[in-house]
$ cat structure-v2.pdb   # PDB, C-alpha atoms, pLDDT in the B column
MODEL        1
ATOM      1  CA  MET A   1      15.825   0.392  -6.125  1.00 46.00           C
ATOM      2  CA  SER A   2      17.242   3.693  -4.909  1.00 55.00           C
ATOM      3  CA  PRO A   3      14.495   6.274  -4.496  1.00 65.00           C
ATOM      4  CA  GLU A   4      15.162   9.884  -5.330  1.00 85.00           C
ATOM      5  CA  ARG A   5      14.893  11.790  -2.062  1.00 91.00           C
ATOM      6  CA  LEU A   6      14.275  15.496  -2.000  1.00 92.00           C
ATOM      7  CA  VAL A   7      14.381  16.831   1.549  1.00 93.00           C
ATOM      8  CA  ILE A   8      12.857  20.291   1.742  1.00 92.00           C
ATOM      9  CA  GLU A   9      11.992  22.765   4.474  1.00 87.00           C
ATOM     10  CA  ALA A  10       8.557  22.264   5.980  1.00 80.00           C
ATOM     11  CA  GLY A  11       5.553  24.287   4.860  1.00 81.00           C
ATOM     12  CA  ALA A  12       5.358  26.306   1.660  1.00 91.00           C
ATOM     13  CA  ALA A  13       8.767  25.212   0.388  1.00 95.00           C
ATOM     14  CA  LEU A  14       7.655  21.584   0.084  1.00 95.00           C
ATOM     15  CA  ALA A  15       4.492  22.512  -1.813  1.00 95.00           C
ATOM     16  CA  ASP A  16       6.417  24.849  -4.126  1.00 96.00           C
ATOM     17  CA  ALA A  17       9.077  22.259  -4.953  1.00 96.00           C
ATOM     18  CA  ALA A  18       6.557  19.497  -5.597  1.00 96.00           C
ATOM     19  CA  ALA A  19       4.329  21.734  -7.724  1.00 97.00           C
ATOM     20  CA  GLN A  20       7.244  22.823  -9.889  1.00 97.00           C
ATOM     21  CA  TRP A  21       8.365  19.217 -10.344  1.00 97.00           C
ATOM     22  CA  ILE A  22       4.846  18.115 -11.292  1.00 97.00           C
ATOM     23  CA  ALA A  23       4.422  20.987 -13.754  1.00 98.00           C
ATOM     24  CA  ALA A  24       7.739  20.144 -15.426  1.00 97.00           C
ATOM     25  CA  ALA A  25       6.801  16.457 -15.638  1.00 97.00           C
ATOM     26  CA  ILE A  26       3.422  17.233 -17.218  1.00 98.00           C
ATOM     27  CA  GLU A  27       4.934  19.577 -19.769  1.00 97.00           C
ATOM     28  CA  ALA A  28       7.652  17.039 -20.642  1.00 97.00           C
ATOM     29  CA  ASP A  29       5.053  14.350 -21.277  1.00 97.00           C
ATOM     30  CA  ILE A  30       2.956  16.679 -23.418  1.00 97.00           C
ATOM     31  CA  ARG A  31       6.001  17.564 -25.510  1.00 97.00           C
ATOM     32  CA  GLU A  32       6.896  13.899 -25.910  1.00 96.00           C
ATOM     33  CA  ARG A  33       3.478  12.297 -26.409  1.00 95.00           C
ATOM     34  CA  GLY A  34       1.021  15.153 -26.851  1.00 97.00           C
ATOM     35  CA  THR A  35      -0.976  14.307 -23.724  1.00 98.00           C
ATOM     36  CA  CYS A  36      -0.434  13.508 -20.057  1.00 98.00           C
ATOM     37  CA  ALA A  37      -2.452  11.092 -17.904  1.00 98.00           C
ATOM     38  CA  VAL A  38      -2.136  12.075 -14.243  1.00 98.00           C
ATOM     39  CA  ALA A  39      -3.500  10.257 -11.172  1.00 98.00           C
ATOM     40  CA  LEU A  40      -3.862  12.468  -8.114  1.00 98.00           C
ATOM     41  CA  SER A  41      -3.908  11.747  -4.394  1.00 97.00           C
ATOM     42  CA  GLY A  42      -6.125  12.985  -1.596  1.00 95.00           C
ATOM     43  CA  GLY A  43      -4.964  14.013   1.846  1.00 90.00           C
ATOM     44  CA  THR A  44      -3.766  17.190   3.512  1.00 92.00           C
ATOM     45  CA  THR A  45      -0.190  17.240   2.190  1.00 94.00           C
ATOM     46  CA  PRO A  46      -0.997  17.519  -1.547  1.00 96.00           C
ATOM     47  CA  ARG A  47      -3.702  20.186  -1.213  1.00 97.00           C
ATOM     48  CA  PRO A  48      -1.255  23.145  -1.124  1.00 97.00           C
ATOM     49  CA  VAL A  49       0.555  21.554  -4.069  1.00 97.00           C
ATOM     50  CA  TYR A  50      -2.659  21.602  -6.097  1.00 98.00           C
ATOM     51  CA  GLU A  51      -3.348  25.167  -5.025  1.00 98.00           C
ATOM     52  CA  ARG A  52       0.044  26.252  -6.359  1.00 97.00           C
ATOM     53  CA  LEU A  53      -0.544  24.415  -9.646  1.00 98.00           C
ATOM     54  CA  ALA A  54      -3.831  26.325  -9.931  1.00 98.00           C
ATOM     55  CA  ARG A  55      -2.149  29.746  -9.693  1.00 96.00           C
ATOM     56  CA  PRO A  56       0.215  31.637 -12.014  1.00 95.00           C
ATOM     57  CA  PRO A  57       2.861  31.120 -13.120  1.00 95.00           C
ATOM     58  CA  LEU A  58       2.386  27.337 -13.117  1.00 96.00           C
ATOM     59  CA  ALA A  59      -1.292  27.373 -14.076  1.00 96.00           C
ATOM     60  CA  SER A  60      -0.587  29.292 -17.264  1.00 94.00           C
ATOM     61  CA  ALA A  61       2.514  27.257 -18.107  1.00 94.00           C
ATOM     62  CA  ILE A  62       0.676  23.928 -18.356  1.00 97.00           C
ATOM     63  CA  ALA A  63      -1.403  22.936 -21.398  1.00 97.00           C
ATOM     64  CA  TRP A  64      -4.259  21.692 -19.210  1.00 98.00           C
ATOM     65  CA  ARG A  65      -6.501  20.773 -22.144  1.00 98.00           C
ATOM     66  CA  ARG A  66      -4.037  18.002 -22.941  1.00 98.00           C
ATOM     67  CA  VAL A  67      -4.149  16.610 -19.410  1.00 98.00           C
ATOM     68  CA  THR A  68      -6.422  13.785 -18.272  1.00 98.00           C
ATOM     69  CA  ILE A  69      -7.052  13.441 -14.546  1.00 98.00           C
ATOM     70  CA  PHE A  70      -7.499  10.183 -12.648  1.00 98.00           C
ATOM     71  CA  PHE A  71      -7.396   9.268  -8.957  1.00 98.00           C
ATOM     72  CA  GLY A  72      -5.392   6.737  -6.998  1.00 98.00           C
ATOM     73  CA  ASP A  73      -8.132   6.051  -4.470  1.00 98.00           C
ATOM     74  CA  GLU A  74     -11.416   7.341  -3.140  1.00 98.00           C
ATOM     75  CA  ARG A  75     -13.601   7.024  -0.084  1.00 98.00           C
ATOM     76  CA  ALA A  76     -17.175   5.737  -0.409  1.00 98.00           C
ATOM     77  CA  VAL A  77     -18.704   9.187  -0.004  1.00 98.00           C
ATOM     78  CA  PRO A  78     -20.468  11.544  -2.439  1.00 97.00           C
ATOM     79  CA  PRO A  79     -18.234  14.052  -4.257  1.00 97.00           C
ATOM     80  CA  VAL A  80     -19.647  16.914  -2.168  1.00 96.00           C
ATOM     81  CA  ASP A  81     -18.666  15.221   1.107  1.00 97.00           C
ATOM     82  CA  PRO A  82     -15.725  16.893   2.937  1.00 95.00           C
ATOM     83  CA  GLY A  83     -13.925  13.537   2.910  1.00 95.00           C
ATOM     84  CA  SER A  84     -14.033  13.143  -0.881  1.00 98.00           C
ATOM     85  CA  ASN A  85     -10.641  13.147  -2.579  1.00 98.00           C
ATOM     86  CA  TYR A  86     -12.295  14.309  -5.777  1.00 98.00           C
ATOM     87  CA  GLY A  87     -14.070  17.122  -3.955  1.00 98.00           C
ATOM     88  CA  MET A  88     -10.801  18.362  -2.466  1.00 98.00           C
ATOM     89  CA  VAL A  89      -8.967  18.249  -5.799  1.00 98.00           C
ATOM     90  CA  LYS A  90     -11.876  19.945  -7.552  1.00 98.00           C
ATOM     91  CA  ALA A  91     -11.867  22.856  -5.098  1.00 98.00           C
ATOM     92  CA  ALA A  92      -8.090  23.211  -4.961  1.00 98.00           C
ATOM     93  CA  LEU A  93      -7.250  22.688  -8.637  1.00 98.00           C
ATOM     94  CA  LEU A  94      -9.868  21.620 -11.153  1.00 98.00           C
ATOM     95  CA  GLU A  95     -12.167  24.618 -10.696  1.00 97.00           C
ATOM     96  CA  HIS A  96      -9.266  26.919 -11.575  1.00 97.00           C
ATOM     97  CA  VAL A  97      -7.677  25.309 -14.635  1.00 98.00           C
ATOM     98  CA  SER A  98      -8.947  24.362 -18.075  1.00 96.00           C
ATOM     99  CA  VAL A  99      -8.953  20.565 -17.942  1.00 98.00           C
ATOM    100  CA  PRO A 100     -12.083  19.595 -19.943  1.00 97.00           C
ATOM    101  CA  PRO A 101     -14.706  18.018 -17.651  1.00 96.00           C
ATOM    102  CA  ALA A 102     -14.794  14.916 -19.873  1.00 97.00           C
ATOM    103  CA  GLN A 103     -11.107  14.403 -19.051  1.00 98.00           C
ATOM    104  CA  CYS A 104     -11.623  14.403 -15.261  1.00 98.00           C
ATOM    105  CA  HIS A 105     -12.426  10.875 -14.138  1.00 98.00           C
ATOM    106  CA  ARG A 106     -13.473  10.523 -10.523  1.00 98.00           C
ATOM    107  CA  MET A 107     -13.834   7.170  -8.780  1.00 98.00           C
ATOM    108  CA  GLU A 108     -17.502   6.545  -7.982  1.00 98.00           C
ATOM    109  CA  ALA A 109     -16.743   4.798  -4.710  1.00 98.00           C
ATOM    110  CA  GLU A 110     -20.125   5.737  -3.246  1.00 98.00           C
ATOM    111  CA  ARG A 111     -21.938   3.365  -5.617  1.00 97.00           C
ATOM    112  CA  SER A 112     -23.724   0.474  -3.885  1.00 97.00           C
ATOM    113  CA  ASP A 113     -21.903  -2.013  -6.123  1.00 98.00           C
ATOM    114  CA  ARG A 114     -18.312  -1.008  -5.488  1.00 98.00           C
ATOM    115  CA  ASP A 115     -16.918  -3.983  -7.371  1.00 98.00           C
ATOM    116  CA  ALA A 116     -18.724  -2.833 -10.513  1.00 98.00           C
ATOM    117  CA  ALA A 117     -17.501   0.720  -9.877  1.00 98.00           C
ATOM    118  CA  ALA A 118     -13.942  -0.591  -9.629  1.00 98.00           C
ATOM    119  CA  ARG A 119     -14.242  -2.546 -12.874  1.00 98.00           C
ATOM    120  CA  ASP A 120     -15.717   0.468 -14.655  1.00 98.00           C
ATOM    121  CA  TYR A 121     -12.858   2.643 -13.443  1.00 98.00           C
ATOM    122  CA  GLU A 122     -10.096   0.294 -14.467  1.00 97.00           C
ATOM    123  CA  ARG A 123     -11.525   0.333 -17.988  1.00 97.00           C
ATOM    124  CA  LEU A 124     -10.926   4.092 -18.013  1.00 97.00           C
ATOM    125  CA  LEU A 125      -7.325   3.880 -16.834  1.00 98.00           C
ATOM    126  CA  PRO A 126      -4.632   3.966 -19.510  1.00 97.00           C
ATOM    127  CA  GLU A 127      -2.229   1.048 -19.659  1.00 96.00           C
ATOM    128  CA  ARG A 128       0.398   3.298 -18.105  1.00 97.00           C
ATOM    129  CA  LEU A 129      -0.148   6.502 -16.190  1.00 98.00           C
ATOM    130  CA  ASP A 130       2.292   9.209 -17.153  1.00 98.00           C
ATOM    131  CA  LEU A 131       2.371  10.617 -13.628  1.00 98.00           C
ATOM    132  CA  LEU A 132       1.126   9.122 -10.364  1.00 98.00           C
ATOM    133  CA  LEU A 133       1.043  11.239  -7.222  1.00 98.00           C
ATOM    134  CA  LEU A 134       0.922   9.374  -3.915  1.00 98.00           C
ATOM    135  CA  GLY A 135       1.091  10.108  -0.219  1.00 97.00           C
ATOM    136  CA  MET A 136       1.983   7.950   2.762  1.00 98.00           C
ATOM    137  CA  GLY A 137       0.207   7.440   6.069  1.00 97.00           C
ATOM    138  CA  SER A 138       1.960   6.996   9.379  1.00 96.00           C
ATOM    139  CA  ASP A 139       1.179   3.256   9.111  1.00 97.00           C
ATOM    140  CA  GLY A 140       2.970   3.059   5.756  1.00 98.00           C
ATOM    141  CA  HIS A 141      -0.123   2.867   3.574  1.00 98.00           C
ATOM    142  CA  THR A 142      -0.332   4.552   0.204  1.00 98.00           C
ATOM    143  CA  ALA A 143      -3.459   5.152  -1.904  1.00 98.00           C
ATOM    144  CA  SER A 144      -5.897   2.897  -0.016  1.00 98.00           C
ATOM    145  CA  LEU A 145      -3.418   0.024   0.119  1.00 98.00           C
ATOM    146  CA  PHE A 146      -3.150  -0.622   3.851  1.00 98.00           C
ATOM    147  CA  PRO A 147      -0.763  -3.009   5.629  1.00 98.00           C
ATOM    148  CA  GLY A 148      -1.910  -6.599   5.152  1.00 97.00           C
ATOM    149  CA  SER A 149      -4.615  -5.686   2.627  1.00 97.00           C
ATOM    150  CA  PRO A 150      -5.601  -8.446   0.161  1.00 96.00           C
ATOM    151  CA  ALA A 151      -5.324  -5.789  -2.556  1.00 97.00           C
ATOM    152  CA  LEU A 152      -1.526  -5.933  -2.126  1.00 98.00           C
ATOM    153  CA  ASP A 153      -1.573  -9.412  -3.688  1.00 97.00           C
ATOM    154  CA  GLU A 154      -3.518  -8.286  -6.746  1.00 97.00           C
ATOM    155  CA  ARG A 155      -1.656  -8.807 -10.020  1.00 96.00           C
ATOM    156  CA  ARG A 156      -4.437  -8.728 -12.622  1.00 96.00           C
ATOM    157  CA  ARG A 157      -7.044  -6.205 -11.566  1.00 98.00           C
ATOM    158  CA  ARG A 158      -5.950  -2.572 -11.489  1.00 98.00           C
ATOM    159  CA  VAL A 159      -8.740  -1.096  -9.337  1.00 98.00           C
ATOM    160  CA  VAL A 160     -10.455  -2.947  -6.495  1.00 98.00           C
ATOM    161  CA  PRO A 161     -12.673  -2.255  -3.484  1.00 98.00           C
ATOM    162  CA  ALA A 162     -10.669  -1.844  -0.283  1.00 97.00           C
ATOM    163  CA  THR A 163     -11.312  -1.468   3.418  1.00 96.00           C
ATOM    164  CA  ALA A 164      -9.499   1.049   5.614  1.00 96.00           C
ATOM    165  CA  PRO A 165      -8.872   0.655   9.354  1.00 95.00           C
ATOM    166  CA  MET A 166     -10.351   4.107   9.949  1.00 93.00           C
ATOM    167  CA  PRO A 167     -13.619   5.700   8.749  1.00 93.00           C
ATOM    168  CA  PRO A 168     -14.814   6.005   6.145  1.00 93.00           C
ATOM    169  CA  ARG A 169     -13.774   2.374   5.857  1.00 96.00           C
ATOM    170  CA  GLU A 170     -15.110   1.565   2.392  1.00 98.00           C
ATOM    171  CA  ARG A 171     -12.841   2.669  -0.473  1.00 98.00           C
ATOM    172  CA  LEU A 172     -11.725   2.090  -4.032  1.00 98.00           C
ATOM    173  CA  THR A 173      -8.015   1.897  -4.757  1.00 98.00           C
ATOM    174  CA  ILE A 174      -5.517   1.287  -7.503  1.00 98.00           C
ATOM    175  CA  THR A 175      -3.431  -1.861  -7.105  1.00 98.00           C
ATOM    176  CA  PRO A 176       0.337  -2.556  -7.208  1.00 98.00           C
ATOM    177  CA  PRO A 177       0.456  -3.110 -11.008  1.00 98.00           C
ATOM    178  CA  VAL A 178      -0.713   0.487 -11.575  1.00 98.00           C
ATOM    179  CA  ILE A 179       2.100   1.844  -9.408  1.00 98.00           C
ATOM    180  CA  ALA A 180       4.669  -0.397 -11.099  1.00 98.00           C
ATOM    181  CA  ALA A 181       3.567   0.641 -14.594  1.00 98.00           C
ATOM    182  CA  ALA A 182       3.510   4.423 -14.047  1.00 98.00           C
ATOM    183  CA  ARG A 183       6.149   6.323 -15.995  1.00 97.00           C
ATOM    184  CA  ARG A 184       6.734   8.736 -13.107  1.00 97.00           C
ATOM    185  CA  VAL A 185       5.746   8.465  -9.457  1.00 98.00           C
ATOM    186  CA  ALA A 186       5.980  11.225  -6.855  1.00 97.00           C
ATOM    187  CA  VAL A 187       5.405  10.593  -3.145  1.00 98.00           C
ATOM    188  CA  LEU A 188       4.693  13.537  -0.822  1.00 97.00           C
ATOM    189  CA  VAL A 189       5.270  13.103   2.911  1.00 97.00           C
ATOM    190  CA  ALA A 190       5.267  15.767   5.613  1.00 96.00           C
ATOM    191  CA  GLY A 191       5.277  15.938   9.389  1.00 96.00           C
ATOM    192  CA  PRO A 192       7.150  14.476  12.359  1.00 96.00           C
ATOM    193  CA  ASP A 193       4.507  11.784  12.873  1.00 97.00           C
ATOM    194  CA  LYS A 194       5.686  10.176   9.609  1.00 97.00           C
ATOM    195  CA  ALA A 195       9.428  10.196  10.406  1.00 97.00           C
ATOM    196  CA  ALA A 196       9.760   6.707  11.883  1.00 98.00           C
ATOM    197  CA  THR A 197       7.757   5.172   9.036  1.00 98.00           C
ATOM    198  CA  VAL A 198       9.710   7.075   6.393  1.00 98.00           C
ATOM    199  CA  ALA A 199      12.917   5.596   7.821  1.00 97.00           C
ATOM    200  CA  ARG A 200      11.457   2.083   7.758  1.00 97.00           C
ATOM    201  CA  VAL A 201      10.162   2.491   4.213  1.00 97.00           C
ATOM    202  CA  LEU A 202      13.241   4.077   2.660  1.00 96.00           C
ATOM    203  CA  ALA A 203      16.048   2.598   4.742  1.00 94.00           C
ATOM    204  CA  GLY A 204      14.640  -0.660   6.082  1.00 94.00           C
ATOM    205  CA  PRO A 205      14.182  -4.107   4.553  1.00 95.00           C
ATOM    206  CA  GLY A 206      11.702  -4.548   1.737  1.00 96.00           C
ATOM    207  CA  ARG A 207       8.390  -5.584   3.278  1.00 97.00           C
ATOM    208  CA  PRO A 208       5.640  -4.062   1.117  1.00 97.00           C
ATOM    209  CA  ARG A 209       2.905  -6.123   2.759  1.00 97.00           C
ATOM    210  CA  GLU A 210       3.783  -4.380   6.023  1.00 98.00           C
ATOM    211  CA  LEU A 211       4.753  -1.076   4.409  1.00 98.00           C
ATOM    212  CA  PRO A 212       2.789  -0.672   1.163  1.00 98.00           C
ATOM    213  CA  ALA A 213       4.506   2.648   0.406  1.00 98.00           C
ATOM    214  CA  GLN A 214       7.552   0.572  -0.527  1.00 98.00           C
ATOM    215  CA  LEU A 215       5.702  -0.182  -3.771  1.00 98.00           C
ATOM    216  CA  ALA A 216       6.752   3.344  -4.795  1.00 97.00           C
ATOM    217  CA  LEU A 217      10.450   3.035  -3.955  1.00 96.00           C
ATOM    218  CA  GLY A 218      11.337   3.765  -7.562  1.00 95.00           C
ATOM    219  CA  GLY A 219       9.669   7.167  -7.414  1.00 96.00           C
ATOM    220  CA  SER A 220      10.707  10.654  -6.361  1.00 97.00           C
ATOM    221  CA  TRP A 221      10.080  11.233  -2.651  1.00 97.00           C
ATOM    222  CA  PHE A 222       9.372  14.786  -1.535  1.00 97.00           C
ATOM    223  CA  LEU A 223       9.997  14.922   2.225  1.00 97.00           C
ATOM    224  CA  ASP A 224       9.931  17.847   4.566  1.00 96.00           C
ATOM    225  CA  VAL A 225      12.733  17.991   7.144  1.00 96.00           C
ATOM    226  CA  ASP A 226      10.454  16.660   9.874  1.00 96.00           C
ATOM    227  CA  ALA A 227       9.443  13.577   7.879  1.00 97.00           C
ATOM    228  CA  ALA A 228      13.083  12.910   6.939  1.00 96.00           C
ATOM    229  CA  ALA A 229      14.450  13.391  10.462  1.00 96.00           C
ATOM    230  CA  GLN A 230      15.055   9.700  11.210  1.00 96.00           C
ATOM    231  CA  LEU A 231      16.661   8.751   7.922  1.00 95.00           C
ATOM    232  CA  PRO A 232      20.298   7.647   8.169  1.00 91.00           C
ATOM    233  CA  GLY A 233      22.519  10.717   7.867  1.00 80.00           C
ATOM    234  CA  ALA A 234      19.760  13.173   8.747  1.00 73.00           C
ATOM    235  CA  ALA A 235      20.958  16.243  10.623  1.00 58.00           C
ATOM    236  CA  ALA A 236      20.363  16.056  14.335  1.00 50.00           C
TER     237      ALA A 236
ENDMDL
END

$ encode --input "structure-v2.pdb" --output "structure tokens"
Amino acid sequence: MSPERLVIEAGAALADAAAQWIAAAIEADIRERGTCAVALSGGTTPRPVYERLARPPLASAIAWRRVTIFFGDERAVPPVDPGSNYGMVKAALLEHVSVPPAQCHRMEAERSDRDAAARDYERLLPERLDLLLLGMGSDGHTASLFPGSPALDERRRRVVPATAPMPPRERLTITPPVIAAARRVAVLVAGPDKAATVARVLAGPGRPRELPAQLALGGSWFLDVDAAAQLPGAAA
């Protein structure tokens, strides 16, 4: 697979480019199928993207009432906790656009029975997401699929409990079949601390158990110049 790479100046330019791409993808799916099922990511890189989607002109260009929101992973914390992916997305985007509350499906990772929470969530997921937004950690993880995780071997279940190497350790995450089935995947990566891993993921041998972000090689990768600095051919 040859990933689409979009190398963009750091800061606002990356958020603007990604937000415009996402808005265009959502509108294209609504025109084609009447609805759009989107799974969003947590983390610091996508927050400014969501904030741009929540403001004109993009906010008014998207038919939000035809959008259904899902999540790629979640930490085992309440939705009001500062570490909640849902809480971040709610503050940055959902409180400002007209997605009906019944169409916003958060992962209830704080439930005591996380396996039951995972099974309940996978029943909500469509067979194929129209758009899946992912990030990448400096260790090569994506969603809450960490290097060496048993979840990387999952082929039947689409949402499972997962354990992270850093707190909060308990999570829920989508599995590789969800990434493979998505109609469109976008991966957002920013910062010099990601550069070496970006080069390994995009230009190195295929080792998704070591570098789970390689599961998204068929997607569109939005990289700032710092994250792309060690790719072959990058400007010195």

$ axis_aligned_box --input "structure-v2.pdb" --around "range 165-178 of chain A" --padding-each-side "6 Å" --output "AutoDock Vina command-line options"
--center_x -7.3 --center_y 1.4 --center_z -0.8 --size_x 27.6 --size_y 21.1 --size_z 33.5

$ closest_residue --input "structure-v2.pdb" --among "A:Arg200, A:Arg119, A:Arg183, A:Arg169" --to "Pro232 in chain A" --atoms "only C-alpha atoms"
A:Arg200

$ resolve_selection --input "structure-v2.pdb" --expression "the PyMOL selection byres ((chain A and resi 12-24) around 8)" --output "PDB file with C-alpha atoms, in the frame of the given file"
ATOM      1  CA  ILE A   8      12.857  20.291   1.742  1.00 92.00           C
ATOM      2  CA  GLU A   9      11.992  22.765   4.474  1.00 87.00           C
ATOM      3  CA  ALA A  10       8.557  22.264   5.980  1.00 80.00           C
ATOM      4  CA  GLY A  11       5.553  24.287   4.860  1.00 81.00           C
ATOM      5  CA  ALA A  25       6.801  16.457 -15.638  1.00 97.00           C
ATOM      6  CA  ILE A  26       3.422  17.233 -17.218  1.00 98.00           C
ATOM      7  CA  GLU A  27       4.934  19.577 -19.769  1.00 97.00           C
ATOM      8  CA  ALA A  28       7.652  17.039 -20.642  1.00 97.00           C
ATOM      9  CA  PRO A  46      -0.997  17.519  -1.547  1.00 96.00           C
ATOM     10  CA  PRO A  48      -1.255  23.145  -1.124  1.00 97.00           C
ATOM     11  CA  VAL A  49       0.555  21.554  -4.069  1.00 97.00           C
ATOM     12  CA  TYR A  50      -2.659  21.602  -6.097  1.00 98.00           C
ATOM     13  CA  ARG A  52       0.044  26.252  -6.359  1.00 97.00           C
ATOM     14  CA  LEU A  53      -0.544  24.415  -9.646  1.00 98.00           C
ATOM     15  CA  LEU A  58       2.386  27.337 -13.117  1.00 96.00           C
ATOM     16  CA  ALA A  61       2.514  27.257 -18.107  1.00 94.00           C
ATOM     17  CA  ILE A  62       0.676  23.928 -18.356  1.00 97.00           C
ATOM     18  CA  LEU A 188       4.693  13.537  -0.822  1.00 97.00           C
ATOM     19  CA  PHE A 222       9.372  14.786  -1.535  1.00 97.00           C
ATOM     20  CA  LEU A 223       9.997  14.922   2.225  1.00 97.00           C
ATOM     21  CA  ASP A 224       9.931  17.847   4.566  1.00 96.00           C
TER      22      ASP A 224
END

$ resolve_selection --input "structure-v2.pdb" --expression "the PyMOL selection byres ((chain A and resi 113) around 12)" --output "ChimeraX atom specification"
/A:76,108-112,114-120,160-161,170-172

$ atom_distance --input "structure-v2.pdb" --atom1 "CA of Leu202 in chain A" --atom2 "CA of Leu217 in chain A"
7.3 Å

$ resolve_selection --input "structure-v2.pdb" --expression "the PyMOL selection byres ((chain A and resi 94) around 12)" --output "JSON, numbers by chain"
{"A": [40, 47, 50, 51, 52, 53, 54, 55, 59, 64, 65, 67, 68, 69, 70, 86, 87, 88, 89, 90, 91, 92, 93, 95, 96, 97, 98, 99, 100, 101, 103, 104, 105, 106]}

$ residues_around --input "structure-v2.pdb" --residues "Val201 in chain A" --least-positions-apart "3" --cutoff "10 Å" --atoms "all atoms listed in the file" --output "MDAnalysis selection string"
chainID A and resid 136 140 195:198 204:208 210:217 231

$ residues_near_point --input "structure-v2.pdb" --point "(5.0, 15.1, 6.3)" --cutoff "6 Å" --atoms "all atoms listed in the file" --output "list of chain:residue names"
A:Val189, A:Ala190, A:Gly191, A:Lys194, A:Asp224, A:Ala227

$ atom_distance --input "structure-v2.pdb" --atom1 "CA of Pro167 in chain A" --atom2 "CA of Val77 in chain A"
10.7 Å

$ residues_around --input "structure-v2.pdb" --residues "range 150-159 of chain A" --least-positions-apart "4" --cutoff "6 Å" --atoms "all atoms listed in the file" --output "PyMOL selection string"
chain A and resi 118+122+173-175

$ atom_distance --input "structure-v2.pdb" --atom1 "CA of Ala102 in chain A" --atom2 "CA of Leu125 in chain A"
13.7 Å

$ closest_residue --input "structure-v2.pdb" --among "A:Ala181, A:Ala39, A:Met166, A:Ala63" --to "Leu134 in chain A" --atoms "all atoms listed in the file"
A:Ala39
